[in-house]
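J.: Input structure: entry_8.cif, which contains mmCIF, C-alpha atoms (C1' of nucleotides).
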```cif
data_data
#
loop_
_atom_site.label_atom_id
_atom_site.label_comp_id
_atom_site.auth_asym_id
_atom_site.auth_seq_id
_atom_site.Cartn_x
_atom_site.Cartn_y
_atom_site.Cartn_z
CA MET A 1 9.09 106.89 145.38
CA GLU A 2 6.98 108.15 148.24
CA VAL A 3 3.43 109.27 148.61
CA SER A 4 3.16 112.85 149.63
CA GLN A 5 3.28 114.16 153.15
CA THR A 6 -0.27 115.36 152.68
CA LEU A 7 -1.58 111.89 152.06
CA ARG A 8 0.53 110.48 154.87
CA ARG A 9 -0.86 113.05 157.23
CA HIS A 10 -4.43 112.16 156.37
CA PHE A 11 -3.92 108.42 156.06
CA PRO A 12 -0.89 107.34 158.08
CA ASP A 13 -1.57 103.68 157.47
CA GLY A 14 -1.81 104.07 153.71
CA VAL A 15 -5.48 103.24 153.65
CA ILE A 16 -7.85 105.70 152.03
CA ALA A 17 -11.10 105.19 153.91
CA ALA A 18 -14.09 104.08 151.89
CA SER A 19 -16.05 106.83 153.60
CA CYS A 20 -13.52 109.54 152.73
CA PRO A 21 -15.23 112.49 151.03
CA SER A 22 -12.50 112.48 148.41
CA ARG A 23 -14.05 109.30 147.01
CA VAL A 24 -17.11 111.23 145.91
CA VAL A 25 -15.16 113.97 144.17
CA LEU A 26 -12.84 111.37 142.72
CA ASP A 27 -15.89 109.71 141.20
CA HIS A 28 -16.93 113.00 139.62
CA VAL A 29 -13.50 113.74 138.22
CA THR A 30 -12.89 110.20 137.01
CA SER A 31 -16.41 109.80 135.68
CA LYS A 32 -16.69 108.78 132.07
CA TRP A 33 -16.77 112.40 130.84
CA GLY A 34 -15.74 114.53 133.82
CA PHE A 35 -12.05 114.29 133.12
CA LEU A 36 -12.42 115.22 129.45
CA VAL A 37 -14.80 118.11 130.13
CA LEU A 38 -12.43 119.61 132.67
CA LEU A 39 -9.59 119.12 130.23
CA ALA A 40 -11.50 120.81 127.42
CA LEU A 41 -11.93 123.85 129.63
CA ALA A 42 -8.34 123.74 130.85
CA GLU A 43 -7.12 126.19 128.24
CA GLY A 44 -8.85 128.89 130.24
CA ASP A 45 -11.24 130.00 127.52
CA SER A 46 -14.97 130.02 128.04
CA LEU A 47 -16.62 127.49 125.79
CA ARG A 48 -20.16 127.38 124.56
CA TRP A 49 -22.27 124.28 124.93
CA SER A 50 -21.97 123.40 121.26
CA GLU A 51 -18.22 123.95 121.33
CA LEU A 52 -17.91 121.61 124.30
CA ARG A 53 -19.88 118.97 122.47
CA ARG A 54 -17.48 119.29 119.57
CA ARG A 55 -14.35 119.08 121.66
CA VAL A 56 -15.42 116.25 123.93
CA GLN A 57 -15.91 113.85 121.08
CA GLY A 58 -18.44 111.12 121.64
CA VAL A 59 -20.31 112.69 124.52
CA SER A 60 -24.10 112.68 124.24
CA GLU A 61 -26.22 115.70 125.08
CA LYS A 62 -27.54 113.95 128.12
CA MET A 63 -24.14 113.08 129.52
CA LEU A 64 -22.68 116.49 128.76
CA ALA A 65 -25.54 118.15 130.63
CA GLN A 66 -25.27 115.75 133.54
CA THR A 67 -21.50 116.11 133.77
CA LEU A 68 -21.66 119.91 133.60
CA ARG A 69 -24.33 120.03 136.28
CA THR A 70 -22.27 117.87 138.60
CA LEU A 71 -19.10 119.87 138.05
CA GLU A 72 -21.00 123.12 138.46
CA ALA A 73 -22.53 121.91 141.74
CA ASP A 74 -19.00 121.00 142.86
CA GLY A 75 -17.89 124.55 142.20
CA LEU A 76 -15.40 123.47 139.55
CA VAL A 77 -17.21 124.84 136.51
CA ALA A 78 -18.97 128.19 136.10
CA ARG A 79 -22.04 128.56 133.91
CA ASP A 80 -22.81 131.92 132.37
CA ALA A 81 -26.14 132.10 130.55
CA LYS A 82 -26.51 135.34 128.63
CA PRO A 83 -30.15 136.49 128.49
CA VAL A 84 -30.40 136.64 124.73
CA VAL A 85 -32.28 134.80 122.09
CA PRO A 86 -31.19 132.53 120.70
CA PRO A 87 -29.65 131.33 124.00
CA HIS A 88 -25.95 131.81 124.50
CA VAL A 89 -24.33 129.93 127.40
CA GLU A 90 -20.66 129.87 128.26
CA TYR A 91 -18.84 127.45 130.51
CA SER A 92 -15.50 128.04 132.13
CA LEU A 93 -13.44 126.77 135.03
CA THR A 94 -13.77 128.40 138.42
CA PRO A 95 -10.51 129.21 140.23
CA LEU A 96 -10.96 125.92 142.08
CA GLY A 97 -11.53 124.05 138.84
CA ALA A 98 -8.49 125.70 137.31
CA GLU A 99 -6.37 124.46 140.20
CA LEU A 100 -7.62 120.96 139.63
CA ALA A 101 -7.17 121.16 135.88
CA GLN A 102 -3.53 122.02 136.36
CA LEU A 103 -3.10 118.59 137.89
CA LEU A 104 -5.11 116.87 135.19
CA THR A 105 -3.19 118.28 132.25
CA PRO A 106 0.18 116.62 132.96
CA LEU A 107 -1.68 113.36 133.50
CA MET A 108 -3.32 113.61 130.09
CA ASP A 109 0.02 114.56 128.57
CA TRP A 110 1.54 111.43 129.95
CA LEU A 111 -1.34 109.27 128.77
CA VAL A 112 -1.22 110.69 125.25
CA VAL A 113 2.51 110.07 125.03
CA HIS A 114 2.54 106.57 126.54
CA ALA A 115 -0.81 105.16 125.46
CA PRO A 116 0.46 103.72 122.18
CA ASP A 117 3.25 101.78 123.93
CA ILE A 118 0.88 100.58 126.61
CA LEU A 119 -1.70 99.36 124.14
CA ASP A 120 0.93 97.69 121.97
CA ARG A 121 2.11 95.71 124.95
CA ALA A 122 -1.40 94.96 126.14
CA GLY A 123 -2.50 93.89 122.70
CA MET B 1 -3.88 128.93 132.22
CA GLU B 2 -2.75 127.00 129.21
CA VAL B 3 -2.82 123.40 128.23
CA SER B 4 0.59 121.96 127.76
CA GLN B 5 2.64 122.10 124.62
CA THR B 6 2.43 118.33 124.45
CA LEU B 7 -1.35 118.34 124.21
CA ARG B 8 -1.27 121.21 121.77
CA ARG B 9 1.14 119.35 119.57
CA HIS B 10 -1.08 116.27 119.48
CA PHE B 11 -4.38 118.12 119.32
CA PRO B 12 -3.88 121.60 117.87
CA ASP B 13 -7.61 122.26 117.75
CA GLY B 14 -8.18 121.32 121.36
CA VAL B 15 -10.18 118.25 120.46
CA ILE B 16 -9.09 114.93 121.87
CA ALA B 17 -10.21 112.44 119.25
CA ALA B 18 -12.66 109.79 120.34
CA SER B 19 -10.39 107.26 118.66
CA CYS B 20 -7.27 108.41 120.51
CA PRO B 21 -5.52 105.48 122.21
CA SER B 22 -5.21 107.57 125.35
CA ARG B 23 -8.95 107.12 125.85
CA VAL B 24 -8.45 103.42 126.52
CA VAL B 25 -5.69 103.93 129.05
CA LEU B 26 -7.63 106.81 130.56
CA ASP B 27 -10.51 104.39 131.08
CA HIS B 28 -8.21 101.95 132.87
CA VAL B 29 -6.71 104.61 135.12
CA THR B 30 -10.03 106.30 135.85
CA SER B 31 -11.87 103.02 136.28
CA LYS B 32 -13.68 102.64 139.56
CA TRP B 33 -10.70 100.98 141.24
CA GLY B 34 -7.71 101.59 138.95
CA PHE B 35 -6.86 104.93 140.43
CA LEU B 36 -6.97 103.69 144.02
CA VAL B 37 -4.97 100.55 143.29
CA LEU B 38 -2.20 102.55 141.62
CA LEU B 39 -2.27 104.96 144.53
CA ALA B 40 -2.02 102.15 147.07
CA LEU B 41 1.13 100.98 145.33
CA ALA B 42 2.51 104.49 144.94
CA GLU B 43 4.56 104.29 148.10
CA GLY B 44 6.90 102.03 146.22
CA ASP B 45 6.51 99.02 148.48
CA SER B 46 5.41 95.68 147.14
CA LEU B 47 2.05 94.76 148.54
CA ARG B 48 0.48 91.35 148.90
CA TRP B 49 -2.99 90.63 147.57
CA SER B 50 -4.52 90.67 151.03
CA GLU B 51 -2.77 93.92 151.89
CA LEU B 52 -4.13 95.51 148.72
CA ARG B 53 -7.63 94.40 149.62
CA ARG B 54 -7.20 96.02 153.01
CA ARG B 55 -5.88 99.31 151.66
CA VAL B 56 -8.29 99.70 148.80
CA GLN B 57 -11.29 99.71 151.05
CA GLY B 58 -14.50 98.47 149.51
CA VAL B 59 -13.03 96.64 146.54
CA SER B 60 -14.39 93.14 145.92
CA GLU B 61 -12.14 90.20 145.11
CA LYS B 62 -13.47 90.11 141.61
CA MET B 63 -12.80 93.76 140.91
CA LEU B 64 -9.38 93.71 142.53
CA ALA B 65 -8.38 90.78 140.36
CA GLN B 66 -9.80 92.37 137.24
CA THR B 67 -8.17 95.72 137.94
CA LEU B 68 -4.81 94.16 138.67
CA ARG B 69 -4.95 92.06 135.50
CA THR B 70 -5.72 95.12 133.41
CA LEU B 71 -2.96 97.19 134.97
CA GLU B 72 -0.54 94.31 134.66
CA ALA B 73 -1.40 93.88 130.98
CA ASP B 74 -0.82 97.61 130.55
CA GLY B 75 2.66 97.20 132.00
CA LEU B 76 1.88 99.46 134.93
CA VAL B 77 1.85 96.84 137.67
CA ALA B 78 4.24 93.92 138.21
CA ARG B 79 3.06 90.65 139.68
CA ASP B 80 5.54 88.46 141.53
CA ALA B 81 4.17 85.07 142.56
CA LYS B 82 6.56 83.23 144.86
CA PRO B 83 6.37 79.45 144.37
CA VAL B 84 5.56 78.60 147.93
CA VAL B 85 2.62 77.15 149.73
CA PRO B 86 0.56 78.81 150.92
CA PRO B 87 0.77 81.17 147.94
CA HIS B 88 2.57 84.44 148.38
CA VAL B 89 2.07 87.06 145.66
CA GLU B 90 3.42 90.56 145.64
CA TYR B 91 2.35 93.46 143.50
CA SER B 92 4.36 96.56 142.77
CA LEU B 93 4.55 99.35 140.25
CA THR B 94 6.69 98.97 137.17
CA PRO B 95 8.91 101.92 136.29
CA LEU B 96 6.18 103.01 133.89
CA GLY B 97 3.56 102.67 136.58
CA ALA B 98 5.72 104.61 139.00
CA GLU B 99 5.94 107.47 136.50
CA LEU B 100 2.19 107.52 136.23
CA ALA B 101 1.68 107.27 139.98
CA GLN B 102 3.79 110.36 140.45
CA LEU B 103 1.14 112.27 138.55
CA LEU B 104 -1.73 110.64 140.44
CA THR B 105 -0.47 111.43 143.92
CA PRO B 106 -0.69 115.23 143.73
CA LEU B 107 -4.15 114.84 142.28
CA MET B 108 -5.25 112.71 145.22
CA ASP B 109 -3.61 115.17 147.58
CA TRP B 110 -5.67 117.94 146.12
CA LEU B 111 -8.86 115.92 146.28
CA VAL B 112 -8.32 114.96 149.90
CA VAL B 113 -7.70 118.56 150.86
CA HIS B 114 -10.54 120.12 148.87
CA ALA B 115 -13.20 117.41 148.93
CA PRO B 116 -14.83 118.61 152.16
CA ASP B 117 -15.29 122.15 150.81
CA ILE B 118 -16.58 120.85 147.51
CA LEU B 119 -19.11 118.55 149.13
CA ASP B 120 -20.26 121.24 151.54
CA ARG B 121 -21.00 123.53 148.64
CA ALA B 122 -22.60 120.77 146.57
CA GLY B 123 -24.76 119.65 149.48
"C1'" DC C 1 -3.45 82.73 150.95
"C1'" DT C 2 -4.67 83.86 146.42
"C1'" DG C 3 -7.38 83.74 143.61
"C1'" DT C 4 -11.72 81.73 139.76
"C1'" DA C 5 -16.41 80.89 138.48
"C1'" DT C 6 -21.06 82.04 138.42
"C1'" DC C 7 -25.24 84.49 138.91
"C1'" DC C 8 -27.65 88.57 138.54
"C1'" DC C 9 -28.99 93.37 139.24
"C1'" DC C 10 -29.28 98.05 138.46
"C1'" DA C 11 -27.22 102.32 137.34
"C1'" DC C 12 -25.02 104.22 133.67
"C1'" DC C 13 -25.29 105.64 129.38
"C1'" DG C 14 -26.79 106.15 124.40
"C1'" DA C 15 -30.63 107.08 121.21
"C1'" DT C 16 -34.51 109.45 120.19
"C1'" DA C 17 -37.98 112.81 120.49
"C1'" DC C 18 -39.39 117.04 122.11
"C1'" DT C 19 -39.18 122.22 124.07
"C1'" DG C 20 -38.24 127.31 125.45
"C1'" DC D 1 -28.91 127.36 120.51
"C1'" DA D 2 -29.21 124.90 124.59
"C1'" DG D 3 -31.02 122.05 126.65
"C1'" DT D 4 -35.06 118.31 129.01
"C1'" DA D 5 -37.78 113.85 128.99
"C1'" DT D 6 -38.22 109.23 128.37
"C1'" DC D 7 -37.10 104.53 127.09
"C1'" DG D 8 -34.33 100.56 126.79
"C1'" DG D 9 -29.96 97.75 126.72
"C1'" DT D 10 -25.75 96.47 128.56
"C1'" DG D 11 -22.04 95.58 130.93
"C1'" DG D 12 -19.73 97.01 135.15
"C1'" DG D 13 -19.57 95.40 139.36
"C1'" DG D 14 -21.28 93.09 143.95
"C1'" DA D 15 -22.28 88.61 146.35
"C1'" DT D 16 -21.51 84.12 146.87
"C1'" DA D 17 -19.51 79.75 146.32
"C1'" DC D 18 -15.73 77.18 145.06
"C1'" DA D 19 -10.56 75.81 143.94
"C1'" DG D 20 -5.29 75.23 143.78
#
```
Transcribe the structure of this file into structure tokens.
T.:
Amino acid sequence: MEVSQTLRRHFPDGVIAASCPSRVVLDHVTSKWGFLVLLALAEGDSLRWSELRRRVQGVSEKMLAQTLRTLEADGLVARDAKPVVPPHVEYSLTPLGAELAQLLTPLMDWLVVHAPDILDRAG
Amino acid sequence: MEVSQTLRRHFPDGVIAASCPSRVVLDHVTSKWGFLVLLALAEGDSLRWSELRRRVQGVSEKMLAQTLRTLEADGLVARDAKPVVPPHVEYSLTPLGAELAQLLTPLMDWLVVHAPDILDRAG
DNA sequence: CTGTATCCCCACCGATACTG
DNA sequence: CAGTATCGGTGGGGATACAG
């Protein structure tokens, strides 16, 4: 197996610099809830706040808000607040976020399929 | 965009259960250093402890050891300690780990390419 | 060279209460 | 409905010293 040409081009010696900007985004994506929020939106549908809370099981209001704000600031998630009462807010992936989510989905697939074996072995 | 058939089959309602075993493995892979350690080994070469420390910039001895033990217990990383003095230990991906790493590499590619834009926008 | 052992902090996160 | 504000604990993780 080989790492990609892209990575080789950026890091010929195989070292990803601690100062590399990708570390920051990696932290966002691999944050406790970032991955699951992006995945929940990966179907392409807009989801309401309450629907997101339901799908990302276990997330608290605080962490959902924080995660959504981070991902929105990163340009990965779009927030659409309709000016009605009671409030109605929809979240969806931006084109950039959709690109990213396409890479996350096969990873989650693999984890779902192999997790039982892995945990059996690990005890 | 659509989530994969695999995810749909496991979670028809789009909800990944909080109790799903994949959450545990997801935590290992998305842990602060798990992703980078797997990536460092993704070239396929065996790496020595000291080489890993060099490539995964910023990791402490404690966290490298802990991460490697977790990944080894998960069957993703193989540890080969040669009975010589001074000690000589090599780490590599298992076939399972190599499968996983193949999904991680394109993700890191994407992050490296897009991180600058994302951070510019996010400030 | 390849780790373990220990101390300790603080940032993450959950729980709860409250608001437009 | 869709959040914000605040408090408190907890364990992840860094620093250091030590060991086989």
J.: Can you show chain A as a PDB file with C-alpha atoms, keeping the file's coordinate frame once it has been least-squares superposed onto chain B, using every C-alpha atom paired in order?
T.:
```pdb
ATOM      1  CA  MET A   1      -3.840 128.948 132.267  1.00  0.00           C
ATOM      2  CA  GLU A   2      -2.740 126.991 129.237  1.00  0.00           C
ATOM      3  CA  VAL A   3      -2.811 123.382 128.256  1.00  0.00           C
ATOM      4  CA  SER A   4       0.608 121.965 127.773  1.00  0.00           C
ATOM      5  CA  GLN A   5       2.645 122.133 124.619  1.00  0.00           C
ATOM      6  CA  THR A   6       2.457 118.365 124.458  1.00  0.00           C
ATOM      7  CA  LEU A   7      -1.296 118.356 124.217  1.00  0.00           C
ATOM      8  CA  ARG A   8      -1.248 121.246 121.770  1.00  0.00           C
ATOM      9  CA  ARG A   9       1.178 119.385 119.589  1.00  0.00           C
ATOM     10  CA  HIS A  10      -1.019 116.312 119.471  1.00  0.00           C
ATOM     11  CA  PHE A  11      -4.344 118.118 119.301  1.00  0.00           C
ATOM     12  CA  PRO A  12      -3.867 121.606 117.873  1.00  0.00           C
ATOM     13  CA  ASP A  13      -7.582 122.246 117.735  1.00  0.00           C
ATOM     14  CA  GLY A  14      -8.157 121.300 121.357  1.00  0.00           C
ATOM     15  CA  VAL A  15     -10.151 118.238 120.457  1.00  0.00           C
ATOM     16  CA  ILE A  16      -9.054 114.905 121.865  1.00  0.00           C
ATOM     17  CA  ALA A  17     -10.175 112.408 119.244  1.00  0.00           C
ATOM     18  CA  ALA A  18     -12.643 109.770 120.338  1.00  0.00           C
ATOM     19  CA  SER A  19     -10.389 107.219 118.681  1.00  0.00           C
ATOM     20  CA  CYS A  20      -7.264 108.397 120.512  1.00  0.00           C
ATOM     21  CA  PRO A  21      -5.517 105.474 122.221  1.00  0.00           C
ATOM     22  CA  SER A  22      -5.213 107.573 125.355  1.00  0.00           C
ATOM     23  CA  ARG A  23      -8.957 107.116 125.855  1.00  0.00           C
ATOM     24  CA  VAL A  24      -8.456 103.428 126.524  1.00  0.00           C
ATOM     25  CA  VAL A  25      -5.694 103.929 129.065  1.00  0.00           C
ATOM     26  CA  LEU A  26      -7.631 106.793 130.577  1.00  0.00           C
ATOM     27  CA  ASP A  27     -10.510 104.381 131.091  1.00  0.00           C
ATOM     28  CA  HIS A  28      -8.201 101.964 132.890  1.00  0.00           C
ATOM     29  CA  VAL A  29      -6.701 104.614 135.125  1.00  0.00           C
ATOM     30  CA  THR A  30     -10.013 106.298 135.874  1.00  0.00           C
ATOM     31  CA  SER A  31     -11.851 103.017 136.296  1.00  0.00           C
ATOM     32  CA  LYS A  32     -13.696 102.581 139.545  1.00  0.00           C
ATOM     33  CA  TRP A  33     -10.687 100.975 141.275  1.00  0.00           C
ATOM     34  CA  GLY A  34      -7.720 101.589 138.974  1.00  0.00           C
ATOM     35  CA  PHE A  35      -6.871 104.949 140.442  1.00  0.00           C
ATOM     36  CA  LEU A  36      -6.975 103.698 144.033  1.00  0.00           C
ATOM     37  CA  VAL A  37      -4.966 100.552 143.294  1.00  0.00           C
ATOM     38  CA  LEU A  38      -2.229 102.559 141.620  1.00  0.00           C
ATOM     39  CA  LEU A  39      -2.287 104.964 144.531  1.00  0.00           C
ATOM     40  CA  ALA A  40      -2.011 102.154 147.066  1.00  0.00           C
ATOM     41  CA  LEU A  41       1.130 100.975 145.318  1.00  0.00           C
ATOM     42  CA  ALA A  42       2.499 104.492 144.938  1.00  0.00           C
ATOM     43  CA  GLU A  43       4.556 104.297 148.105  1.00  0.00           C
ATOM     44  CA  GLY A  44       6.906 102.021 146.213  1.00  0.00           C
ATOM     45  CA  ASP A  45       6.511  99.000 148.463  1.00  0.00           C
ATOM     46  CA  SER A  46       5.407  95.657 147.125  1.00  0.00           C
ATOM     47  CA  LEU A  47       2.033  94.736 148.521  1.00  0.00           C
ATOM     48  CA  ARG A  48       0.476  91.345 148.888  1.00  0.00           C
ATOM     49  CA  TRP A  49      -2.979  90.619 147.572  1.00  0.00           C
ATOM     50  CA  SER A  50      -4.517  90.653 151.032  1.00  0.00           C
ATOM     51  CA  GLU A  51      -2.751  93.894 151.896  1.00  0.00           C
ATOM     52  CA  LEU A  52      -4.117  95.505 148.745  1.00  0.00           C
ATOM     53  CA  ARG A  53      -7.603  94.397 149.648  1.00  0.00           C
ATOM     54  CA  ARG A  54      -7.170  96.027 153.028  1.00  0.00           C
ATOM     55  CA  ARG A  55      -5.848  99.295 151.692  1.00  0.00           C
ATOM     56  CA  VAL A  56      -8.280  99.715 148.826  1.00  0.00           C
ATOM     57  CA  GLN A  57     -11.286  99.716 151.081  1.00  0.00           C
ATOM     58  CA  GLY A  58     -14.499  98.498 149.545  1.00  0.00           C
ATOM     59  CA  VAL A  59     -13.031  96.648 146.599  1.00  0.00           C
ATOM     60  CA  SER A  60     -14.364  93.138 146.012  1.00  0.00           C
ATOM     61  CA  GLU A  61     -12.113  90.207 145.197  1.00  0.00           C
ATOM     62  CA  LYS A  62     -13.465  90.117 141.703  1.00  0.00           C
ATOM     63  CA  MET A  63     -12.814  93.770 140.988  1.00  0.00           C
ATOM     64  CA  LEU A  64      -9.379  93.725 142.580  1.00  0.00           C
ATOM     65  CA  ALA A  65      -8.386  90.779 140.396  1.00  0.00           C
ATOM     66  CA  GLN A  66      -9.834  92.367 137.284  1.00  0.00           C
ATOM     67  CA  THR A  67      -8.199  95.721 137.970  1.00  0.00           C
ATOM     68  CA  LEU A  68      -4.812  94.139 138.690  1.00  0.00           C
ATOM     69  CA  ARG A  69      -4.982  92.064 135.529  1.00  0.00           C
ATOM     70  CA  THR A  70      -5.749  95.110 133.426  1.00  0.00           C
ATOM     71  CA  LEU A  71      -2.989  97.187 134.982  1.00  0.00           C
ATOM     72  CA  GLU A  72      -0.552  94.305 134.667  1.00  0.00           C
ATOM     73  CA  ALA A  73      -1.425  93.860 130.979  1.00  0.00           C
ATOM     74  CA  ASP A  74      -0.831  97.603 130.556  1.00  0.00           C
ATOM     75  CA  GLY A  75       2.638  97.201 131.995  1.00  0.00           C
ATOM     76  CA  LEU A  76       1.877  99.472 134.937  1.00  0.00           C
ATOM     77  CA  VAL A  77       1.840  96.836 137.666  1.00  0.00           C
ATOM     78  CA  ALA A  78       4.229  93.919 138.186  1.00  0.00           C
ATOM     79  CA  ARG A  79       3.051  90.632 139.657  1.00  0.00           C
ATOM     80  CA  ASP A  80       5.522  88.443 141.489  1.00  0.00           C
ATOM     81  CA  ALA A  81       4.167  85.045 142.516  1.00  0.00           C
ATOM     82  CA  LYS A  82       6.575  83.208 144.784  1.00  0.00           C
ATOM     83  CA  PRO A  83       6.386  79.426 144.277  1.00  0.00           C
ATOM     84  CA  VAL A  84       5.588  78.560 147.860  1.00  0.00           C
ATOM     85  CA  VAL A  85       2.681  77.113 149.687  1.00  0.00           C
ATOM     86  CA  PRO A  86       0.650  78.738 150.916  1.00  0.00           C
ATOM     87  CA  PRO A  87       0.811  81.103 147.902  1.00  0.00           C
ATOM     88  CA  HIS A  88       2.594  84.391 148.331  1.00  0.00           C
ATOM     89  CA  VAL A  89       2.068  87.020 145.614  1.00  0.00           C
ATOM     90  CA  GLU A  90       3.428  90.536 145.606  1.00  0.00           C
ATOM     91  CA  TYR A  91       2.328  93.448 143.475  1.00  0.00           C
ATOM     92  CA  SER A  92       4.345  96.538 142.763  1.00  0.00           C
ATOM     93  CA  LEU A  93       4.525  99.344 140.241  1.00  0.00           C
ATOM     94  CA  THR A  94       6.676  98.962 137.161  1.00  0.00           C
ATOM     95  CA  PRO A  95       8.911 101.927 136.282  1.00  0.00           C
ATOM     96  CA  LEU A  96       6.169 103.021 133.888  1.00  0.00           C
ATOM     97  CA  GLY A  97       3.533 102.691 136.583  1.00  0.00           C
ATOM     98  CA  ALA A  98       5.707 104.626 138.998  1.00  0.00           C
ATOM     99  CA  GLU A  99       5.932 107.474 136.504  1.00  0.00           C
ATOM    100  CA  LEU A 100       2.183 107.539 136.223  1.00  0.00           C
ATOM    101  CA  ALA A 101       1.666 107.297 139.962  1.00  0.00           C
ATOM    102  CA  GLN A 102       3.772 110.386 140.456  1.00  0.00           C
ATOM    103  CA  LEU A 103       1.122 112.288 138.546  1.00  0.00           C
ATOM    104  CA  LEU A 104      -1.733 110.668 140.420  1.00  0.00           C
ATOM    105  CA  THR A 105      -0.470 111.449 143.901  1.00  0.00           C
ATOM    106  CA  PRO A 106      -0.709 115.260 143.719  1.00  0.00           C
ATOM    107  CA  LEU A 107      -4.189 114.849 142.271  1.00  0.00           C
ATOM    108  CA  MET A 108      -5.279 112.727 145.220  1.00  0.00           C
ATOM    109  CA  ASP A 109      -3.643 115.199 147.583  1.00  0.00           C
ATOM    110  CA  TRP A 110      -5.690 117.964 146.110  1.00  0.00           C
ATOM    111  CA  LEU A 111      -8.893 115.946 146.258  1.00  0.00           C
ATOM    112  CA  VAL A 112      -8.351 114.985 149.892  1.00  0.00           C
ATOM    113  CA  VAL A 113      -7.728 118.596 150.848  1.00  0.00           C
ATOM    114  CA  HIS A 114     -10.580 120.155 148.856  1.00  0.00           C
ATOM    115  CA  ALA A 115     -13.229 117.443 148.919  1.00  0.00           C
ATOM    116  CA  PRO A 116     -14.869 118.633 152.135  1.00  0.00           C
ATOM    117  CA  ASP A 117     -15.321 122.178 150.778  1.00  0.00           C
ATOM    118  CA  ILE A 118     -16.600 120.867 147.479  1.00  0.00           C
ATOM    119  CA  LEU A 119     -19.134 118.575 149.082  1.00  0.00           C
ATOM    120  CA  ASP A 120     -20.281 121.267 151.501  1.00  0.00           C
ATOM    121  CA  ARG A 121     -21.026 123.542 148.593  1.00  0.00           C
ATOM    122  CA  ALA A 122     -22.609 120.790 146.539  1.00  0.00           C
ATOM    123  CA  GLY A 123     -24.734 119.648 149.432  1.00  0.00           C
TER     124      GLY A 123
END
```
J.: So which residues get picked by the PyMOL selection byres ((chain A) within 8 of (chain D)) here, written as a PyMOL selection string?
T.: chain A and resi 49+65+86-89
J.: Using the chain letters and residue numbers of this document, give as a list in words the residues selected by the PyMOL selection byres ((chain B and resi 15) around 8).
T.: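 On the file shown, the PyMOL selection byres ((chain B and resi 15) around 8) covers Ala40, Arg54, Arg55, Val56 and Gln57 of chain A; Phe11, Pro12, Asp13, Gly14, Ile16 and Ala17 of chain B.
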J.: Can you pull out the residues contacting Arg79 (chain B)? Cut-off 9 Å, using only C-alpha atoms (C1' of nucleotides), and skip same-chain residues under 6 positions away; I want them as an mmCIF file with C-alpha atoms, in the frame of the given file.
T.:
```
data_model
loop_
_atom_site.group_PDB
_atom_site.id
_atom_site.type_symbol
_atom_site.label_atom_id
_atom_site.label_comp_id
_atom_site.auth_asym_id
_atom_site.auth_seq_id
_atom_site.Cartn_x
_atom_site.Cartn_y
_atom_site.Cartn_z
ATOM 1 C CA LEU B 68 -4.810 94.160 138.670
ATOM 2 C CA GLU B 72 -0.540 94.310 134.660
ATOM 3 C CA VAL B 89 2.070 87.060 145.660
ATOM 4 C CA GLU B 90 3.420 90.560 145.640
ATOM 5 C CA TYR B 91 2.350 93.460 143.500
ATOM 6 C CA SER B 92 4.360 96.560 142.770
ATOM 7 C CA LEU B 93 4.550 99.350 140.250
#
```
J.: Between B:Gln66, B:Thr105, B:Ser31, B:Ser4, which residue has the minimum interatomic distance to DG3 (chain C), considering all atoms listed in the file?
T.: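 Selected residue with least distance to DG3 (chain C): B:Gln66.
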J.: For the provided coordinates, the residues matched by the PyMOL selection byres ((chain A and resi 20) around 12) should be stated as a ChimeraX atom specification.
T.: /A:10-11,15-19,21-27 /B:56-58,108,111-116,119
J.: If we count only C-alpha atoms (C1' of nucleotides) and set the cut-off at 10 Å, which residues sit around Glu99 (chain B), ignoring sequence neighbours fewer than 4 positions away in its own chain? Please answer as a list in words.
T.: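 Using only C-alpha atoms (C1' of nucleotides), the neighbours found are Met1 and Trp110 of chain A; Ala42, Leu76, Leu93, Thr94, Pro95, Leu103 and Leu104 of chain B.
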J.: Ranking A:Met63, A:Val77, A:Leu39, A:Ala122 by minimum distance to chain C and counting all atoms listed in the file, which one comes first?
T.: A:Met63
J.: If we count all atoms listed in the file, which residues of chain C reach to within 12 Å of chain A? Please list them as a PDB file with C-alpha atoms (C1' of nucleotides), in the frame of the given file.
T.:
```pdb
ATOM      1  C1'  DC C  12     -25.020 104.220 133.670  1.00  0.00           C
ATOM      2  C1'  DC C  13     -25.290 105.640 129.380  1.00  0.00           C
ATOM      3  C1'  DG C  14     -26.790 106.150 124.400  1.00  0.00           C
ATOM      4  C1'  DA C  15     -30.630 107.080 121.210  1.00  0.00           C
ATOM      5  C1'  DT C  16     -34.510 109.450 120.190  1.00  0.00           C
ATOM      6  C1'  DG C  20     -38.240 127.310 125.450  1.00  0.00           C
TER       7       DG C  20
END
```
J.: What is the distance, in Å and to one decimal place, between CA of Gly34 (chain A) and CA of Leu107 (chain A)?
T.: 14.1 Å
J.: Using all atoms listed in the file for the distances, tell me which of B:Asp120, B:Asp80, B:Glu51, B:Glu43 is nearest to chain A.
T.: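 Under the stated criterion, the closest residue is B:Glu43.
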J.: Quote the spacing between CA of Arg9 (chain B) and CA of Trp33 (chain A) in Å to one decimal place.
T.: 22.3 Å
J.: Which residue gives the smallest distance to chain A among B:Leu41, B:Pro83, B:Gly123, B:Asp74, with only C-alpha atoms counted?
T.: B:Asp74
J.: In Å, rounded to a single decimal, give me how far CA of Leu96 (chain B) is from C1' of DC1 (chain C).
T.: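 For C1' of DC1 (chain C) relative to CA of Leu96 (chain B), the distance reads 28.2 Å.
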